Structure formats: C-alpha cells, structure tokens
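Asks: Contents of coords-v3.tsv (TSV, C-alpha atoms):
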chain	number	residue	atom	x	y	z
A	4	MET	CA	139.70	-24.84	184.14
A	5	THR	CA	140.53	-22.92	187.30
A	6	LEU	CA	139.16	-24.81	190.26
A	7	PHE	CA	138.19	-23.08	193.47
A	8	ARG	CA	139.42	-25.92	195.69
A	9	SER	CA	142.93	-25.89	194.18
A	10	GLN	CA	143.46	-22.21	194.84
A	11	LEU	CA	141.78	-22.44	198.24
A	12	GLY	CA	144.15	-25.24	199.21
A	13	ASP	CA	147.17	-23.15	198.26
A	14	VAL	CA	145.93	-20.14	200.21
A	15	LEU	CA	145.20	-22.21	203.32
A	16	ARG	CA	148.57	-23.96	203.18
A	17	GLU	CA	150.43	-20.65	202.75
A	18	ARG	CA	148.57	-19.17	205.67
A	19	ARG	CA	149.38	-22.18	207.88
A	20	ALA	CA	153.04	-22.18	206.82
A	21	GLY	CA	153.23	-18.42	207.40
A	22	LEU	CA	152.04	-18.95	210.95
A	23	GLY	CA	154.55	-21.76	211.43
A	24	LEU	CA	151.80	-24.23	212.31
A	25	THR	CA	151.89	-27.95	211.57
A	26	LEU	CA	148.99	-29.86	210.01
A	27	ARG	CA	148.63	-31.59	213.38
A	28	GLU	CA	148.22	-28.31	215.24
A	29	VAL	CA	145.60	-27.02	212.81
A	30	SER	CA	143.85	-30.38	212.86
A	31	LYS	CA	143.56	-30.17	216.64
A	32	ALA	CA	142.45	-26.53	216.70
A	33	ALA	CA	139.88	-26.96	213.93
A	34	ARG	CA	138.79	-30.41	215.12
A	35	VAL	CA	139.19	-31.81	211.63
A	36	SER	CA	141.17	-34.93	210.79
A	37	LEU	CA	144.75	-34.34	209.72
A	38	GLY	CA	144.28	-36.35	206.54
A	39	TYR	CA	141.25	-34.31	205.53
A	40	ILE	CA	143.05	-30.98	206.02
A	41	SER	CA	145.98	-32.32	204.06
A	42	GLU	CA	143.68	-33.27	201.17
A	43	ILE	CA	142.03	-29.86	201.26
A	44	GLU	CA	145.42	-28.13	201.14
A	45	ARG	CA	146.35	-30.23	198.12
A	46	GLY	CA	143.08	-29.32	196.41
A	47	GLN	CA	141.92	-32.92	196.40
A	48	LYS	CA	138.82	-32.51	198.56
A	49	GLU	CA	136.16	-29.84	198.71
A	50	ALA	CA	135.85	-28.16	202.10
A	51	SER	CA	132.30	-27.74	203.35
A	52	SER	CA	131.39	-24.20	204.39
A	53	GLU	CA	131.38	-25.23	208.05
A	54	LEU	CA	134.83	-26.81	207.74
A	55	LEU	CA	136.16	-23.77	205.94
A	56	ALA	CA	134.89	-21.56	208.78
A	57	SER	CA	136.61	-23.81	211.35
A	58	LEU	CA	139.86	-23.74	209.41
A	59	CYS	CA	139.78	-19.94	209.17
A	60	GLU	CA	139.22	-19.73	212.91
A	61	ALA	CA	142.10	-22.12	213.57
A	62	LEU	CA	144.30	-20.05	211.26
A	63	ASP	CA	143.12	-16.81	212.90
A	64	VAL	CA	142.11	-15.25	209.60
A	65	PRO	CA	138.71	-13.89	208.53
A	66	LEU	CA	136.94	-15.96	205.87
A	67	SER	CA	136.64	-12.80	203.76
A	68	THR	CA	140.44	-12.46	203.70
A	69	VAL	CA	140.90	-16.05	202.58
A	70	LEU	CA	138.27	-15.60	199.87
A	71	ARG	CA	139.96	-12.42	198.64
A	72	ASP	CA	143.29	-14.20	198.45
A	73	VAL	CA	141.66	-17.03	196.53
A	74	ALA	CA	139.95	-14.53	194.20
A	75	ASP	CA	143.33	-12.90	193.53
A	76	ALA	CA	144.95	-16.25	192.78
A	77	VAL	CA	142.07	-17.24	190.50
A	78	ALA	CA	142.26	-13.89	188.68
A	79	LEU	CA	145.95	-14.56	188.05
A	80	GLU	CA	145.12	-17.99	186.63
A	81	GLU	CA	142.38	-16.48	184.50
A	82	GLY	CA	144.90	-13.99	183.15
A	83	LEU	CA	142.72	-11.12	184.33
A	84	VAL	CA	145.52	-9.52	186.31
A	85	THR	CA	149.30	-9.69	186.36
A	86	ALA	CA	151.33	-10.90	189.32
A	87	ASP	CA	152.43	-7.34	190.08
A	88	ALA	CA	148.85	-6.33	190.74
A	89	VAL	CA	148.34	-8.98	193.38
A	90	ALA	CA	149.98	-8.83	196.80
A	91	THR	CA	151.42	-12.13	197.99
A	92	PRO	CA	148.59	-13.99	199.69
A	93	PHE	CA	150.13	-14.22	203.11
A	94	GLU	CA	151.16	-10.58	203.28
A	95	ALA	CA	147.74	-9.51	202.02
A	96	SER	CA	146.03	-11.53	204.72
A	97	ARG	CA	148.02	-9.99	207.57
A	98	ARG	CA	146.29	-7.48	209.71
A	99	PRO	CA	148.21	-4.40	210.83
A	100	ASP	CA	148.41	-5.71	214.40
A	101	GLU	CA	150.20	-8.79	213.13
A	102	MET	CA	152.97	-6.78	211.55
A	103	VAL	CA	156.18	-7.20	213.44
A	104	ALA	CA	158.67	-4.36	213.53
A	105	PRO	CA	162.19	-5.37	212.52
A	106	ALA	CA	164.59	-5.87	215.41
A	107	ALA	CA	166.57	-2.72	216.20
B	7	MET	CA	128.87	-18.16	211.66
B	8	THR	CA	129.23	-16.75	208.15
B	9	LEU	CA	128.92	-19.60	205.69
B	10	PHE	CA	130.54	-19.48	202.27
B	11	ARG	CA	127.68	-21.28	200.54
B	12	SER	CA	125.06	-18.80	201.81
B	13	GLN	CA	126.89	-15.79	200.43
B	14	LEU	CA	127.83	-17.64	197.25
B	15	GLY	CA	124.18	-18.48	196.66
B	16	ASP	CA	123.18	-14.84	197.02
B	17	VAL	CA	125.89	-13.67	194.63
B	18	LEU	CA	124.96	-16.27	192.00
B	19	ARG	CA	121.26	-15.48	192.25
B	20	GLU	CA	121.87	-11.74	191.96
B	21	ARG	CA	124.06	-12.30	188.93
B	22	ARG	CA	121.42	-14.49	187.28
B	23	ALA	CA	118.65	-12.03	188.08
B	24	GLY	CA	120.78	-9.16	186.82
B	25	LEU	CA	121.14	-10.95	183.50
B	26	GLY	CA	117.42	-11.63	183.40
B	27	LEU	CA	117.98	-15.38	183.15
B	28	THR	CA	115.67	-18.02	184.56
B	29	LEU	CA	116.83	-20.99	186.61
B	30	ARG	CA	115.82	-23.14	183.65
B	31	GLU	CA	118.06	-21.23	181.25
B	32	VAL	CA	121.07	-21.42	183.56
B	33	SER	CA	120.35	-25.08	184.25
B	34	LYS	CA	120.46	-25.81	180.53
B	35	ALA	CA	123.57	-23.72	179.88
B	36	ALA	CA	125.50	-25.14	182.84
B	37	ARG	CA	124.14	-28.66	182.35
B	38	VAL	CA	123.17	-28.85	186.01
B	39	SER	CA	119.74	-29.83	187.28
B	40	LEU	CA	117.37	-26.96	187.99
B	41	GLY	CA	116.71	-28.21	191.52
B	42	TYR	CA	120.41	-28.34	192.32
B	43	ILE	CA	121.04	-24.78	191.12
B	44	SER	CA	118.04	-23.62	193.11
B	45	GLU	CA	119.44	-25.25	196.26
B	46	ILE	CA	122.84	-23.68	195.65
B	47	GLU	CA	121.26	-20.25	195.22
B	48	ARG	CA	119.43	-20.71	198.52
B	49	GLY	CA	122.68	-21.72	200.24
B	50	GLN	CA	121.35	-25.19	200.98
B	51	LYS	CA	123.89	-27.21	198.98
B	52	GLU	CA	127.60	-26.84	198.51
B	53	ALA	CA	128.67	-26.37	194.90
B	54	SER	CA	131.62	-28.50	193.83
B	55	SER	CA	134.44	-26.55	192.22
B	56	GLU	CA	133.58	-28.02	188.82
B	57	LEU	CA	129.94	-27.04	189.17
B	58	LEU	CA	130.90	-23.54	190.30
B	59	ALA	CA	133.07	-23.18	187.21
B	60	SER	CA	130.17	-24.30	184.99
B	61	LEU	CA	127.80	-21.87	186.65
B	62	CYS	CA	130.24	-18.98	186.20
B	63	GLU	CA	130.55	-19.87	182.53
B	64	ALA	CA	126.78	-20.01	182.15
B	65	LEU	CA	126.50	-16.64	183.89
B	66	ASP	CA	129.31	-15.22	181.78
B	67	VAL	CA	131.30	-14.04	184.76
B	68	PRO	CA	134.87	-14.90	185.77
B	69	LEU	CA	135.14	-17.11	188.87
B	70	SER	CA	137.46	-14.50	190.38
B	71	THR	CA	134.71	-11.86	190.14
B	72	VAL	CA	132.19	-14.11	191.85
B	73	LEU	CA	134.70	-14.89	194.61
B	74	ARG	CA	135.44	-11.20	195.12
B	75	ASP	CA	131.74	-10.44	195.41
B	76	VAL	CA	131.38	-13.27	197.93
B	77	ALA	CA	134.43	-11.99	199.86
B	78	ASP	CA	132.84	-8.53	200.00
B	79	ALA	CA	129.54	-9.94	201.24
B	80	VAL	CA	131.32	-12.07	203.84
B	81	ALA	CA	133.38	-9.06	205.01
B	82	LEU	CA	130.12	-7.16	205.51
B	83	GLU	CA	128.73	-10.03	207.60
B	84	GLU	CA	131.96	-10.20	209.58
B	85	GLY	CA	131.62	-6.49	210.28
B	86	LEU	CA	135.03	-5.86	208.74
B	87	VAL	CA	133.70	-3.27	206.29
B	88	THR	CA	130.65	-1.06	206.04
B	89	ALA	CA	128.13	-1.30	203.23
B	90	ASP	CA	129.44	1.97	201.74
B	91	ALA	CA	132.82	0.40	201.15
B	92	VAL	CA	131.39	-2.42	199.07
B	93	ALA	CA	130.00	-1.92	195.58
B	94	THR	CA	126.75	-3.73	194.90
B	95	PRO	CA	127.71	-7.23	193.79
B	96	PHE	CA	126.11	-7.11	190.37
B	97	GLU	CA	127.52	-3.72	189.42
B	98	ALA	CA	130.95	-4.76	190.66
B	99	SER	CA	130.85	-7.87	188.53
B	100	ARG	CA	129.99	-6.05	185.33
B	101	ARG	CA	132.70	-5.62	182.81
B	102	PRO	CA	132.94	-2.37	180.84
B	103	ASP	CA	131.78	-4.07	177.64
B	104	GLU	CA	128.56	-5.10	179.40
B	105	MET	CA	127.62	-1.54	180.25
B	106	VAL	CA	124.67	-0.41	178.24
B	107	ALA	CA	124.30	3.24	177.38
B	108	PRO	CA	120.90	4.70	178.30
B	109	ALA	CA	118.52	5.12	175.39
B	110	ALA	CA	118.78	8.58	173.84
Mind turning this structure into structure tokens?
Replies:
Amino acid sequence: MTLFRSQLGDVLRERRAGLGLTLREVSKAARVSLGYISEIERGQKEASSELLASLCEALDVPLSTVLRDVADAVALEEGLVTADAVATPFEASRRPDEMVAPAA
Amino acid sequence: MTLFRSQLGDVLRERRAGLGLTLREVSKAARVSLGYISEIERGQKEASSELLASLCEALDVPLSTVLRDVADAVALEEGLVTADAVATPFEASRRPDEMVAPAA
C-alpha cells in the first residue's frame, strides 16, 4: 500500500537537502521539534495540516508544489506513470527565480 | 493559511458525490465510521495515511489522482494558478474507462 506520509517525508527531506538546510535549521524556522521533523521525513509520523504548512513555509515552497511532488511519487509507486514522465521532485519544485545560471 | 485537510475533504466529498455514493456506503466499503468520514470531508479531522488509502480504494480512485486534485485546489487558494488552468476535480480524476457515452 502506498502511504501518503512515506512519500511526503521523502519529498520534504529532498527539498531540505536541496536547500542545504539542516534538520536543526528547519526545526527552528518552523518551530517544530527536531525529532518530530525527523520522524516526518522518515514517514514515521503523520504531519498535521498546520505543521505541514509551517514546514512548507520554512522550506520556502508552496504547499501545492509539495503535494504535486508527492502525487508524482505516489503515481510512480502505483505504476501509473514511468520515471521518465516525472521530473525529479526538487527540480520540479524550483521556481524560475530560484534557477541559478551556471558560472561563466 | 491553506490547510491540506480542508482541500482534501472537498476533493473526497466531490468524488463521492460524483459517484453517487452515500457516506454510509463509503463507510462500509472503507470500514471507517460514518462520523469520521463526515468529519474528514468537512476538513475537521486529519485522515491518517492508512485511512486515506482505504478511502481512495472505496472511491475507486488512485491516491495520486486525489493528491493531484488537492494540489490543484491548493494552488488555486495560493493564487498560483487561475481557475481556468485547473480542470474540475471530479472530471480530472475520471479515467477513460469511466466515461459514459451519452444515451443515443
């Protein structure tokens, strides 16, 4: 069975890692205990809707983007799409203004 | 603040209504109490990942489709897209084999 919290945890961890943030930094920004965030990232705890909103804010990503990334990951698990059809979660969640031009 | 559970509740209720199912029927199929499903549909309770999976099964819709519909609804609330850019949740969640030809 594909569980929402497992895929959500992966998406949140990838986003955090992509930003180069530590659990401690996100914990402080989202005002959520470090242990709780860690459990959420490992898919061991459900995140309440309020907590999820705080995490998205701390990770500077719209909730809709996180949910789309989770939907893509779930679709892959469900075998409804192939990996080629799904952009990598972190790239997909970047906004154009976050794109960094390669050094000249 | 856009809450996941509020948008999820709307998407689940629209799906159920679109299928013409009663709360009682979904409650029986998903083996979840009627009151609990009702609270989830009204965005008053968080659905655990296991419960969400059961509800999707009872509503004969992939979890990924529900999550995409929720992501679309959240994006609308966030002002990231306009209504025109988002298909109506129930239509978007239909699979081709569910499409019914109009009576001749």
Asks: For chain B, which residues have at least one atom within 10 Å of chain A, if we go by only C-alpha atoms? Write them as a ChimeraX atom specification, please.
Replies: /B:7-12,49,51-60,68-84,86
Asks: So what do you get for CA of Ala61 in chain A versus CA of Ala33 in chain A, distance-wise?
Replies: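 Interatomic distance here is 5.3 Å.
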Asks: If I take CA of Arg37 in chain B and CA of Gly82 in chain A, how far is one from the other in Å, to one decimal?
Replies: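 Atom-to-atom, CA of Arg37 in chain B to CA of Gly82 in chain A, that is 25.4 Å.
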Asks: Grab the CA of Ser41 in chain A to CA of Leu14 in chain B distance for me, in Å with one decimal place.
Replies: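 Between CA of Ser41 in chain A and CA of Leu14 in chain B the gap is 24.3 Å.
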Asks: Box in all listed atoms of range 37-46 of chain A, axis-aligned, with 5 Å more on each side; write out centre and edge lengths in Å to one decimal as JSON.
Replies:
{"center_x": 143.8, "center_y": -32.2, "center_z": 203.1, "size_x": 15.1, "size_y": 18.2, "size_z": 23.3}
Asks: List the spatial neighbours of Ala35 in chain B as a PyMOL selection string - criterion: any atom at most 10 Å away, only C-alpha atoms, same-chain residues fewer than 5 positions off excluded.
Replies: chain B and resi 29-30+60-61+63-65
